[in-house]
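Shown here: my_file.txt, compact mmCIF, C-alpha atoms and all ligand atoms.
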# COMPACT_ATOMS: atom_id res chain seq x y z
CA MET A 704 156.44 38.34 41.01
CA LYS A 705 156.08 36.80 37.56
CA THR A 706 153.73 38.48 35.11
CA ALA A 707 151.58 36.64 32.58
CA GLU A 708 153.28 35.04 29.61
CA ARG A 709 151.20 37.02 27.13
CA LEU A 710 153.04 40.16 28.20
CA SER A 711 156.39 38.70 27.22
CA LYS A 712 155.21 38.42 23.59
CA ILE A 713 154.54 42.14 23.39
CA PRO A 714 157.46 44.24 22.14
CA PRO A 715 158.33 47.35 24.17
CA TYR A 716 156.00 50.19 23.17
CA LEU A 717 157.85 52.34 20.65
CA PHE A 718 157.15 55.70 22.25
CA MET A 719 158.01 54.57 25.76
CA GLU A 720 161.48 53.60 24.50
CA LEU A 721 161.83 56.86 22.63
CA ARG A 722 160.73 58.87 25.66
CA LYS A 723 163.39 57.15 27.77
CA LYS A 724 166.08 58.01 25.20
CA ILE A 725 164.94 61.62 24.95
CA ASN A 726 164.74 62.06 28.73
CA LYS A 727 168.23 60.65 29.19
CA ALA A 728 169.69 63.07 26.65
CA LYS A 729 167.81 65.96 28.23
CA THR A 730 169.17 65.18 31.68
CA GLU A 731 172.62 65.32 30.09
CA GLY A 732 171.84 68.87 28.99
CA VAL A 733 171.21 68.17 25.30
CA ASP A 734 168.58 70.39 23.61
CA VAL A 735 166.63 67.57 21.99
CA ILE A 736 163.93 68.30 19.40
CA SER A 737 161.53 65.41 18.97
CA LEU A 738 159.74 65.00 15.67
CA ALA A 739 158.81 61.46 16.58
CA ILE A 740 155.44 61.61 18.25
CA GLY A 741 152.07 62.60 16.78
CA ASP A 742 150.63 64.68 19.60
CA PRO A 743 149.48 68.20 18.66
CA VAL A 744 151.08 70.96 20.75
CA GLU A 745 148.51 73.70 20.13
CA ALA A 746 145.78 73.94 22.78
CA THR A 747 142.35 72.37 22.51
CA PRO A 748 139.89 75.12 21.42
CA ASP A 749 138.67 77.28 24.27
CA SER A 750 134.97 76.56 23.85
CA ILE A 751 135.64 72.84 24.39
CA ILE A 752 137.58 73.53 27.58
CA GLN A 753 134.79 75.80 28.82
CA GLU A 754 132.21 73.10 28.15
CA LEU A 755 134.28 70.64 30.18
CA CYS A 756 134.51 73.10 33.09
CA LEU A 757 130.77 73.69 33.10
CA ALA A 758 130.00 69.99 32.94
CA ALA A 759 132.61 69.16 35.56
CA HIS A 760 130.83 71.51 38.01
CA ASP A 761 127.56 69.64 37.61
CA PRO A 762 127.34 66.87 40.25
CA VAL A 763 125.15 64.81 37.89
CA ASN A 764 128.32 64.17 35.94
CA HIS A 765 130.23 62.98 39.00
CA ARG A 766 128.35 59.73 39.01
CA TYR A 767 129.07 56.71 36.82
CA PRO A 768 128.78 57.68 33.15
CA THR A 769 125.28 57.62 31.66
CA ASP A 770 124.59 54.51 29.56
CA GLU A 771 127.99 53.50 30.87
CA GLU A 772 129.14 51.00 28.28
CA LYS A 773 127.76 52.86 25.25
CA GLY A 774 128.40 56.54 25.92
CA MET A 775 125.76 59.23 26.45
CA LEU A 776 122.92 59.18 23.95
CA ALA A 777 123.48 62.89 23.25
CA PHE A 778 127.14 62.15 22.38
CA ARG A 779 126.17 59.24 20.14
CA ARG A 780 123.56 61.41 18.40
CA GLU A 781 126.17 64.07 17.76
CA ILE A 782 128.51 61.46 16.30
CA ALA A 783 125.70 60.33 13.98
CA ARG A 784 125.16 63.93 12.87
CA TRP A 785 128.93 64.37 12.30
CA TYR A 786 129.19 61.20 10.21
CA LYS A 787 126.22 62.29 8.09
CA GLU A 788 127.60 65.77 7.57
CA ARG A 789 131.26 64.84 6.95
CA TYR A 790 130.95 61.50 5.13
CA ASP A 791 127.26 61.14 4.21
CA VAL A 792 127.13 57.98 6.33
CA THR A 793 123.89 57.15 8.17
CA LEU A 794 124.30 55.59 11.60
CA ASN A 795 121.77 54.59 14.22
CA PRO A 796 122.91 56.03 17.58
CA ASP A 797 121.03 53.27 19.41
CA ASN A 798 123.07 50.33 18.18
CA GLU A 799 125.67 51.42 15.62
CA ILE A 800 127.69 53.89 17.69
CA LEU A 801 129.73 53.48 20.83
CA GLY A 802 131.74 56.06 22.80
CA LEU A 803 135.36 55.08 23.42
CA ILE A 804 138.25 56.19 25.59
CA GLY A 805 140.15 56.91 22.38
CA SER A 806 140.60 54.85 19.29
CA LYS A 807 143.48 52.85 20.82
CA GLU A 808 141.14 51.46 23.45
CA GLY A 809 138.78 50.47 20.65
CA CYS A 810 141.53 48.44 18.93
CA HIS A 811 142.10 46.42 22.06
CA HIS A 812 138.45 45.85 22.89
CA PHE A 813 137.63 45.01 19.27
CA VAL A 814 140.06 42.08 19.53
CA LEU A 815 138.55 40.92 22.80
CA ALA A 816 135.07 41.09 21.27
CA ARG A 817 135.86 39.30 18.01
CA VAL A 818 139.02 37.19 18.14
CA ASN A 819 139.35 33.74 19.68
CA PRO A 820 142.72 32.44 20.91
CA GLY A 821 144.73 31.23 17.91
CA ASP A 822 142.71 33.17 15.30
CA VAL A 823 144.71 34.87 12.56
CA VAL A 824 144.36 38.64 12.49
CA LEU A 825 145.59 40.58 9.46
CA MET A 826 147.41 43.87 9.93
CA THR A 827 149.51 46.01 7.65
CA ASP A 828 153.29 46.22 7.67
CA PRO A 829 154.30 48.96 8.23
CA GLY A 830 151.50 49.45 10.74
CA TYR A 831 150.50 51.20 13.94
CA PRO A 832 152.27 49.16 16.67
CA ALA A 833 149.23 49.00 18.98
CA TYR A 834 147.49 46.60 16.54
CA ARG A 835 150.10 43.93 17.13
CA SER A 836 149.94 44.42 20.91
CA SER A 837 146.14 44.26 20.93
CA ILE A 838 146.16 41.10 18.81
CA LEU A 839 148.76 39.46 21.06
CA MET A 840 146.99 40.44 24.27
CA GLY A 841 143.84 38.92 22.84
CA GLU A 842 145.85 35.76 22.04
CA GLY A 843 145.34 36.13 18.30
CA VAL A 844 148.07 35.51 15.74
CA PRO A 845 149.15 38.62 13.80
CA TYR A 846 149.73 38.19 10.05
CA ASN A 847 151.56 41.03 8.31
CA VAL A 848 150.24 42.25 5.00
CA PRO A 849 152.89 44.41 3.30
CA ILE A 850 151.93 47.89 2.15
CA LEU A 851 154.47 49.15 -0.36
CA PRO A 852 155.16 52.44 -2.11
CA GLN A 853 154.56 50.92 -5.56
CA ASN A 854 150.97 50.14 -4.49
CA ASN A 855 150.44 53.57 -2.91
CA TYR A 856 150.84 51.84 0.46
CA LEU A 857 147.54 50.01 0.07
CA PRO A 858 147.44 46.25 0.72
CA VAL A 859 147.05 44.09 -2.36
CA LEU A 860 144.16 41.98 -1.11
CA GLU A 861 144.52 39.41 -3.91
CA ASP A 862 148.08 38.70 -2.71
CA ILE A 863 146.92 37.52 0.73
CA PRO A 864 147.22 33.72 0.50
CA THR A 865 143.77 32.12 0.41
CA ASP A 866 144.54 29.76 3.29
CA VAL A 867 145.56 32.73 5.45
CA ALA A 868 142.44 34.71 4.48
CA ARG A 869 140.27 31.70 5.33
CA LYS A 870 141.84 31.40 8.77
CA ALA A 871 141.63 35.14 9.47
CA THR A 872 138.77 36.44 11.59
CA ALA A 873 139.72 40.10 11.64
CA MET A 874 141.81 42.77 9.94
CA PHE A 875 143.21 46.13 11.06
CA LEU A 876 143.60 48.96 8.56
CA ASN A 877 144.14 52.67 8.87
CA TYR A 878 143.87 55.30 6.09
CA PRO A 879 144.91 58.13 6.10
CA ASN A 880 147.71 55.89 7.21
CA ASN A 881 150.01 56.10 10.17
CA PRO A 882 152.93 55.86 9.44
CA THR A 883 152.98 56.37 5.63
CA GLY A 884 150.46 59.20 5.24
CA ALA A 885 148.81 57.28 2.38
CA CYS A 886 145.08 57.66 1.70
CA ALA A 887 142.56 55.05 0.61
CA THR A 888 140.39 55.29 -2.49
CA VAL A 889 136.67 54.61 -2.82
CA SER A 890 137.39 51.61 -5.04
CA PHE A 891 139.83 50.16 -2.51
CA LEU A 892 137.20 50.45 0.24
CA SER A 893 134.68 48.57 -1.92
CA ALA A 894 137.27 45.86 -2.64
CA LEU A 895 137.93 45.63 1.10
CA VAL A 896 134.23 45.05 1.83
CA GLU A 897 134.13 42.33 -0.85
CA PHE A 898 137.23 40.66 0.62
CA ALA A 899 135.73 40.79 4.12
CA GLN A 900 132.43 39.31 2.91
CA LYS A 901 134.17 36.53 1.00
CA PHE A 902 136.33 35.39 3.91
CA ASP A 903 134.14 36.44 6.85
CA VAL A 904 136.83 38.78 8.11
CA ALA A 905 135.69 41.53 10.51
CA VAL A 906 137.31 44.81 9.51
CA CYS A 907 138.55 47.21 12.17
CA TYR A 908 139.08 50.36 10.13
CA ASP A 909 140.95 52.66 12.46
CA ASN A 910 140.37 56.17 11.13
CA PRO A 911 141.62 58.80 13.61
CA TYR A 912 143.25 60.82 10.80
CA SER A 913 140.12 60.93 8.63
CA GLU A 914 140.07 64.72 8.86
CA ILE A 915 143.81 65.32 8.37
CA VAL A 916 144.20 65.53 4.59
CA PHE A 917 145.95 67.95 2.23
CA SER A 918 145.82 69.26 -1.32
CA GLY A 919 142.19 68.46 -2.05
CA GLN A 920 142.44 64.83 -0.90
CA PRO A 921 138.84 63.72 -0.12
CA ARG A 922 137.92 62.76 3.43
CA LEU A 923 136.83 59.14 3.44
CA SER A 924 135.16 56.84 5.91
CA PHE A 925 135.23 53.07 5.48
CA LEU A 926 131.48 53.17 6.18
CA MET A 927 130.91 55.02 2.89
CA ALA A 928 131.52 51.73 1.05
CA PRO A 929 128.26 49.84 0.41
CA GLY A 930 128.01 46.87 2.78
CA ALA A 931 130.75 48.14 5.13
CA LYS A 932 128.45 48.21 8.15
CA GLU A 933 127.78 44.51 7.78
CA VAL A 934 131.46 43.53 7.82
CA GLY A 935 133.16 45.82 10.28
CA ILE A 936 133.52 48.90 12.37
CA GLU A 937 135.29 52.19 12.00
CA LEU A 938 137.15 53.65 14.96
CA ASN A 939 137.55 57.38 15.13
CA SER A 940 138.78 59.86 17.66
CA LEU A 941 138.73 63.47 18.79
CA SER A 942 142.46 63.29 19.60
CA LYS A 943 143.90 64.43 16.29
CA PRO A 944 141.27 66.75 14.72
CA PHE A 945 140.58 68.75 17.89
CA ASN A 946 143.98 68.49 19.64
CA MET A 947 142.43 66.35 22.38
CA CYS A 948 144.93 63.48 22.67
CA GLY A 949 145.02 63.77 26.45
CA TRP A 950 141.25 63.88 26.86
CA ARG A 951 140.80 60.28 25.72
CA LEU A 952 137.65 60.43 23.64
CA GLY A 953 136.72 58.47 20.54
CA MET A 954 134.08 56.29 18.96
CA ALA A 955 133.37 53.02 17.22
CA CYS A 956 130.73 53.00 14.48
CA GLY A 957 129.33 50.28 12.25
CA SER A 958 128.27 46.65 12.67
CA ALA A 959 125.62 46.42 15.39
CA GLU A 960 126.89 42.95 16.37
CA LEU A 961 130.46 44.12 16.85
CA ILE A 962 129.31 47.27 18.66
CA ALA A 963 127.25 45.08 21.04
CA GLY A 964 130.27 42.83 21.58
CA ILE A 965 132.61 45.72 22.38
CA SER A 966 129.93 47.25 24.66
CA LYS A 967 129.85 44.01 26.59
CA VAL A 968 133.63 44.10 27.05
CA LYS A 969 133.50 47.73 28.18
CA GLU A 970 130.58 47.15 30.53
CA ASN A 971 132.77 44.64 32.31
CA THR A 972 136.02 46.60 32.27
CA ASP A 973 136.10 50.41 32.11
CA SER A 974 132.47 51.51 32.76
CA GLY A 975 132.69 54.24 30.12
CA ILE A 976 133.77 57.83 29.63
CA PHE A 977 133.48 60.71 32.13
CA ASN A 978 130.23 62.47 31.16
CA ALA A 979 131.85 65.90 31.30
CA ILE A 980 134.34 64.85 28.63
CA GLN A 981 131.50 63.61 26.48
CA HIS A 982 129.78 67.01 26.82
CA ALA A 983 133.05 68.61 25.70
CA GLY A 984 133.13 66.15 22.79
CA ILE A 985 129.66 67.23 21.72
CA ARG A 986 130.85 70.81 21.71
CA ALA A 987 133.88 69.88 19.57
CA LEU A 988 131.86 68.04 16.95
CA SER A 989 128.97 70.50 16.88
CA SER A 990 130.86 73.77 16.69
CA GLU A 991 134.61 73.44 16.18
CA ALA A 992 134.94 72.00 12.66
CA CYS A 993 136.60 75.26 11.57
CA PHE A 994 139.43 74.54 14.03
CA ILE A 995 140.41 71.57 11.87
CA GLU A 996 140.91 73.85 8.87
CA GLN A 997 143.10 76.18 10.97
CA MET A 998 145.27 73.24 12.05
CA LEU A 999 145.51 71.97 8.47
CA ASP A 1000 146.90 75.35 7.41
CA ILE A 1001 149.55 75.05 10.12
CA TYR A 1002 150.46 71.44 9.24
CA GLY A 1003 150.46 72.28 5.53
CA ARG A 1004 152.98 75.05 6.11
CA ARG A 1005 155.17 72.78 8.24
CA ARG A 1006 154.98 70.04 5.62
CA GLU A 1007 156.34 72.42 3.00
CA ARG A 1008 159.12 73.53 5.35
CA VAL A 1009 160.26 69.94 6.00
CA LEU A 1010 160.05 69.03 2.31
CA GLN A 1011 162.22 72.04 1.50
CA THR A 1012 164.96 70.81 3.87
CA LEU A 1013 164.71 67.25 2.60
CA LYS A 1014 165.10 68.46 -0.97
CA LYS A 1015 168.17 70.45 0.04
CA ILE A 1016 169.82 67.34 1.47
CA GLY A 1017 168.99 65.27 -1.60
CA ILE A 1018 165.72 63.59 -0.54
CA ASP A 1019 163.18 64.60 -3.15
CA PHE A 1020 159.93 62.64 -3.19
CA ASN A 1021 156.21 63.02 -3.69
CA PRO A 1022 154.61 62.61 -0.24
CA PRO A 1023 151.17 61.06 0.23
CA ARG A 1024 148.47 63.53 1.21
CA GLY A 1025 147.19 62.37 4.59
CA THR A 1026 148.04 62.62 8.32
CA PHE A 1027 150.43 65.01 10.01
CA TYR A 1028 153.36 62.68 9.35
CA LEU A 1029 155.87 62.53 6.54
CA TRP A 1030 157.14 59.08 5.64
CA VAL A 1031 160.56 59.90 4.34
CA PRO A 1032 162.93 57.68 2.34
CA VAL A 1033 166.37 57.72 3.97
CA PRO A 1034 169.47 58.81 2.01
CA LYS A 1035 170.86 56.16 -0.33
CA GLY A 1036 173.20 53.68 1.34
CA MET A 1037 171.81 54.23 4.87
CA THR A 1038 169.45 52.13 6.93
CA SER A 1039 166.53 53.66 8.82
CA LEU A 1040 168.30 53.15 12.11
CA ALA A 1041 171.61 54.60 10.87
CA PHE A 1042 169.80 57.73 9.63
CA THR A 1043 167.77 58.02 12.84
CA ASN A 1044 170.90 57.64 14.95
CA ARG A 1045 172.85 60.17 12.92
CA LEU A 1046 170.05 62.74 13.30
CA PHE A 1047 169.99 62.11 17.03
CA ASP A 1048 173.72 62.03 17.66
CA LYS A 1049 174.73 64.92 15.39
CA ALA A 1050 171.67 67.18 15.39
CA ALA A 1051 169.79 66.13 18.56
CA VAL A 1052 166.71 65.65 16.38
CA VAL A 1053 164.55 62.60 17.06
CA VAL A 1054 162.58 60.94 14.28
CA ALA A 1055 160.91 57.53 14.36
CA SER A 1056 162.79 54.78 12.52
CA GLY A 1057 160.56 53.13 9.91
CA THR A 1058 161.52 49.71 11.26
CA ALA A 1059 159.56 50.48 14.45
CA TYR A 1060 156.44 49.96 12.31
CA GLY A 1061 157.48 46.64 10.76
CA GLN A 1062 160.07 45.12 8.46
CA TYR A 1063 158.68 46.95 5.41
CA GLY A 1064 159.42 50.21 7.20
CA GLU A 1065 163.11 49.68 6.45
CA GLY A 1066 164.42 52.50 4.29
CA PHE A 1067 162.09 55.11 5.82
CA VAL A 1068 161.74 57.36 8.83
CA ARG A 1069 158.59 59.07 10.07
CA ILE A 1070 158.62 62.79 10.81
CA SER A 1071 155.76 64.29 12.79
CA LEU A 1072 154.59 67.85 12.18
CA THR A 1073 153.12 68.30 15.67
CA VAL A 1074 155.88 70.54 17.02
CA PRO A 1075 155.94 74.32 17.46
CA ASP A 1076 157.02 76.21 14.33
CA GLU A 1077 160.17 77.61 15.90
CA ARG A 1078 161.33 74.16 17.05
CA LEU A 1079 160.66 72.72 13.62
CA GLU A 1080 162.63 75.55 12.05
CA GLU A 1081 165.54 74.91 14.43
CA ALA A 1082 165.40 71.16 13.67
CA MET A 1083 165.44 71.79 9.91
CA GLN A 1084 168.40 74.14 10.20
CA ARG A 1085 170.33 71.56 12.22
CA ILE A 1086 169.56 68.85 9.65
CA GLU A 1087 170.61 71.06 6.75
CA LYS A 1088 173.87 71.88 8.55
CA GLU A 1089 174.66 68.26 9.34
CA PHE A 1090 174.01 66.97 5.83
CA ALA A 1091 175.52 69.91 4.01
CA GLN A 1092 178.97 68.83 5.23
C1 LIG B 1101 146.60 54.76 13.70
C2 LIG B 1101 146.29 55.23 15.08
N1 LIG B 1101 145.27 54.68 15.73
C3 LIG B 1101 144.97 55.05 16.98
C4 LIG B 1101 145.69 56.01 17.63
C5 LIG B 1101 145.31 56.37 19.04
O1 LIG B 1101 144.34 57.36 19.02
P1 LIG B 1101 143.55 57.75 20.34
O2 LIG B 1101 144.23 58.91 20.94
O3 LIG B 1101 142.18 58.07 19.84
O4 LIG B 1101 143.55 56.55 21.23
C6 LIG B 1101 146.78 56.62 17.00
C7 LIG B 1101 147.60 57.58 17.72
O5 LIG B 1101 148.65 57.98 17.33
C8 LIG B 1101 147.09 56.21 15.69
O6 LIG B 1101 148.12 56.73 15.04
Could you write out this file's structure as structure tokens?
Ligand SMILES: Cc1ncc(COP(=O)(O)O)c(C=O)c1O
Amino acid sequence: MKTAERLSKIPPYLFMELRKKINKAKTEGVDVISLAIGDPVEATPDSIIQELCLAAHDPVNHRYPTDEEKGMLAFRREIARWYKERYDVTLNPDNEILGLIGSKEGCHHFVLARVNPGDVVLMTDPGYPAYRSSILMGEGVPYNVPILPQNNYLPVLEDIPTDVARKATAMFLNYPNNPTGACATVSFLSALVEFAQKFDVAVCYDNPYSEIVFSGQPRLSFLMAPGAKEVGIELNSLSKPFNMCGWRLGMACGSAELIAGISKVKENTDSGIFNAIQHAGIRALSSEACFIEQMLDIYGRRRERVLQTLKKIGIDFNPPRGTFYLWVPVPKGMTSLAFTNRLFDKAAVVVASGTAYGQYGEGFVRISLTVPDERLEEAMQRIEKEFAQ
């Protein structure tokens, strides 16, 4: 049976390929340590699990989700409260907030709601691979905007050719940035709004790491920039701040028109989020903010441990202050892939090659801090041993 042509344009999903490689090595008896995937290993806080159990026992929640395409009003209200408290952003739960099955789902449905076949969609390079897939599945045309260390990994909006900007109908961005860890600035967000207004580009500001920042880095939402709500949406998620990747819960906030468009897509595809999970989400947002600080202490410690090893093997750099990833320059004279392969073959440590995120990822690898301390320690010792020779 032949599948649709659009699927053939989509590159294999990075982590599926990595998982295959890891599983193969494991079946051969190799003790592989993966630092490749950003998926917290510590449990979701207990109170959130308890809330899910309670809600799951209530037959009311066994029916189709309430307000199916939008998410429960109580969940949307809690998101509005969270955005006010964390970012001083005012949102109307009636038409400026939408519950999502994670931020990744939002990327895909944003494209379906905004992009016509053949439209140019801007995305950063390096960038989160799901943007490209979403654009291609929506039959848009991805255009890579480089983000480079010399510009603090922010796109230089003035460098986007005017004819490309005119043709573009949407743009994906994500700060704190996966994979580089870079953070946006208030002035950049304002410039982004201006750019979007000038060229009528709808911004999809994917912000699932908004809470994961270090060393006094401020937490920013795109919606803090004046005018942002008129030109785009922000996606956010409970996956990373509350260790809920498997629960599949997130939100889109911002432009009422885009929210209505995405609602329409969802109404006709997924019918919304299990109510019990939304109740658990309310619990997370309303009473587990302190959990984020506990996790940041853990990631901060791990960050220092990895930086110590990197320094020992001659990689000394000043890492950006966001996300639980480190975007690490590879040793001089090596490519990303050569370094990745050497770590795998000689130390059984898996990191993500920078090139998996785009051509400007060459010269870097991404290390994730979402592994147990003792496994990270073991990985660092193996790396030190391999490169000390
Ligand atoms: C930039 C970015 N966006 C979206 C996601 C997906 O988040 P969610 O679990 O909310 O779908 C990830 C996950 O790694 C990510 O790195």
Determine, using all atoms listed in the file, which residues of segment 847-959 of chain A have any atom at most 9 Å from an atom of segment 1051-1062 of chain A, and tabulate each with its shortest atom pair and distance in Å to one decimal place, rows ordered by chain and then rising number, as a tab-separated table.
residue	atom	partner	partner_atom	distance
A:Asn847	CA	A:Gly1061	CA	8.5
A:Pro849	CA	A:Gln1062	CA	8.9
A:Pro882	CA	A:Tyr1060	CA	7.4
Could you pull out every residue with an atom within 9 Å of (139.4, 43.3, 10.3), file coordinates, counting only C-alpha atoms, and send them as a PDB file with C-alpha atoms, in the frame of the given file?
ATOM      1  CA  VAL A 824     144.360  38.640  12.490  1.00  0.00           C
ATOM      2  CA  LEU A 825     145.590  40.580   9.460  1.00  0.00           C
ATOM      3  CA  MET A 826     147.410  43.870   9.930  1.00  0.00           C
ATOM      4  CA  ALA A 871     141.630  35.140   9.470  1.00  0.00           C
ATOM      5  CA  THR A 872     138.770  36.440  11.590  1.00  0.00           C
ATOM      6  CA  ALA A 873     139.720  40.100  11.640  1.00  0.00           C
ATOM      7  CA  MET A 874     141.810  42.770   9.940  1.00  0.00           C
ATOM      8  CA  PHE A 875     143.210  46.130  11.060  1.00  0.00           C
ATOM      9  CA  LEU A 876     143.600  48.960   8.560  1.00  0.00           C
ATOM     10  CA  ALA A 899     135.730  40.790   4.120  1.00  0.00           C
ATOM     11  CA  VAL A 904     136.830  38.780   8.110  1.00  0.00           C
ATOM     12  CA  ALA A 905     135.690  41.530  10.510  1.00  0.00           C
ATOM     13  CA  VAL A 906     137.310  44.810   9.510  1.00  0.00           C
ATOM     14  CA  CYS A 907     138.550  47.210  12.170  1.00  0.00           C
ATOM     15  CA  TYR A 908     139.080  50.360  10.130  1.00  0.00           C
ATOM     16  CA  VAL A 934     131.460  43.530   7.820  1.00  0.00           C
ATOM     17  CA  GLY A 935     133.160  45.820  10.280  1.00  0.00           C
ATOM     18  CA  ILE A 936     133.520  48.900  12.370  1.00  0.00           C
TER      19      ILE A 936
END
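Candidate residues A:Ile915, A:Ala894, A:Ala783, A:Ala963 were compared for distance to Phe994 of chain A, and the nearest is A:Ile915, using all atoms listed in the file.
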Taking 2 positions as the minimum chain separation for residues in the same chain, which residues sit within 12 Å of Gly741 of chain A when counting all atoms listed in the file? Answer as a PyMOL selection string. chain A and resi 718+737-739+743-744+831+881-882+911-912+942-944+946-948+1002+1026-1029+1054-1055+1069-1074
For the selection just defined, write its residues with C-alpha atoms to a file, as a PDB file, in the coordinates of the input.
ATOM      1  CA  PHE A 718     157.150  55.700  22.250  1.00  0.00           C
ATOM      2  CA  SER A 737     161.530  65.410  18.970  1.00  0.00           C
ATOM      3  CA  LEU A 738     159.740  65.000  15.670  1.00  0.00           C
ATOM      4  CA  ALA A 739     158.810  61.460  16.580  1.00  0.00           C
ATOM      5  CA  PRO A 743     149.480  68.200  18.660  1.00  0.00           C
ATOM      6  CA  VAL A 744     151.080  70.960  20.750  1.00  0.00           C
ATOM      7  CA  TYR A 831     150.500  51.200  13.940  1.00  0.00           C
ATOM      8  CA  ASN A 881     150.010  56.100  10.170  1.00  0.00           C
ATOM      9  CA  PRO A 882     152.930  55.860   9.440  1.00  0.00           C
ATOM     10  CA  PRO A 911     141.620  58.800  13.610  1.00  0.00           C
ATOM     11  CA  TYR A 912     143.250  60.820  10.800  1.00  0.00           C
ATOM     12  CA  SER A 942     142.460  63.290  19.600  1.00  0.00           C
ATOM     13  CA  LYS A 943     143.900  64.430  16.290  1.00  0.00           C
ATOM     14  CA  PRO A 944     141.270  66.750  14.720  1.00  0.00           C
ATOM     15  CA  ASN A 946     143.980  68.490  19.640  1.00  0.00           C
ATOM     16  CA  MET A 947     142.430  66.350  22.380  1.00  0.00           C
ATOM     17  CA  CYS A 948     144.930  63.480  22.670  1.00  0.00           C
ATOM     18  CA  TYR A1002     150.460  71.440   9.240  1.00  0.00           C
ATOM     19  CA  THR A1026     148.040  62.620   8.320  1.00  0.00           C
ATOM     20  CA  PHE A1027     150.430  65.010  10.010  1.00  0.00           C
ATOM     21  CA  TYR A1028     153.360  62.680   9.350  1.00  0.00           C
ATOM     22  CA  LEU A1029     155.870  62.530   6.540  1.00  0.00           C
ATOM     23  CA  VAL A1054     162.580  60.940  14.280  1.00  0.00           C
ATOM     24  CA  ALA A1055     160.910  57.530  14.360  1.00  0.00           C
ATOM     25  CA  ARG A1069     158.590  59.070  10.070  1.00  0.00           C
ATOM     26  CA  ILE A1070     158.620  62.790  10.810  1.00  0.00           C
ATOM     27  CA  SER A1071     155.760  64.290  12.790  1.00  0.00           C
ATOM     28  CA  LEU A1072     154.590  67.850  12.180  1.00  0.00           C
ATOM     29  CA  THR A1073     153.120  68.300  15.670  1.00  0.00           C
ATOM     30  CA  VAL A1074     155.880  70.540  17.020  1.00  0.00           C
TER      31      VAL A1074
END
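With the cut-off set to 7 Å and all atoms listed in the file counted, the residues surrounding ligand LIG 1101 (chain B) are A:Gly741, A:Ile804, A:Gly805, A:Ser806, A:Lys807, A:Glu808, A:Tyr831, A:Asn877, A:Asn880, A:Asn881, A:Asp909, A:Asn910, A:Pro911, A:Asn939, A:Ser940, A:Leu941, A:Ser942, A:Cys948, A:Arg951, A:Leu952, A:Gly953.
Shortest separation to Asn978 of chain A among A:Glu1089, A:Glu754, A:Asp903, A:Asp791 occurs at residue A:Glu754, atoms counted being only C-alpha atoms.
Atom CA of Leu926 of chain A is positioned 21.7 Å from atom CA of Thr883 of chain A.
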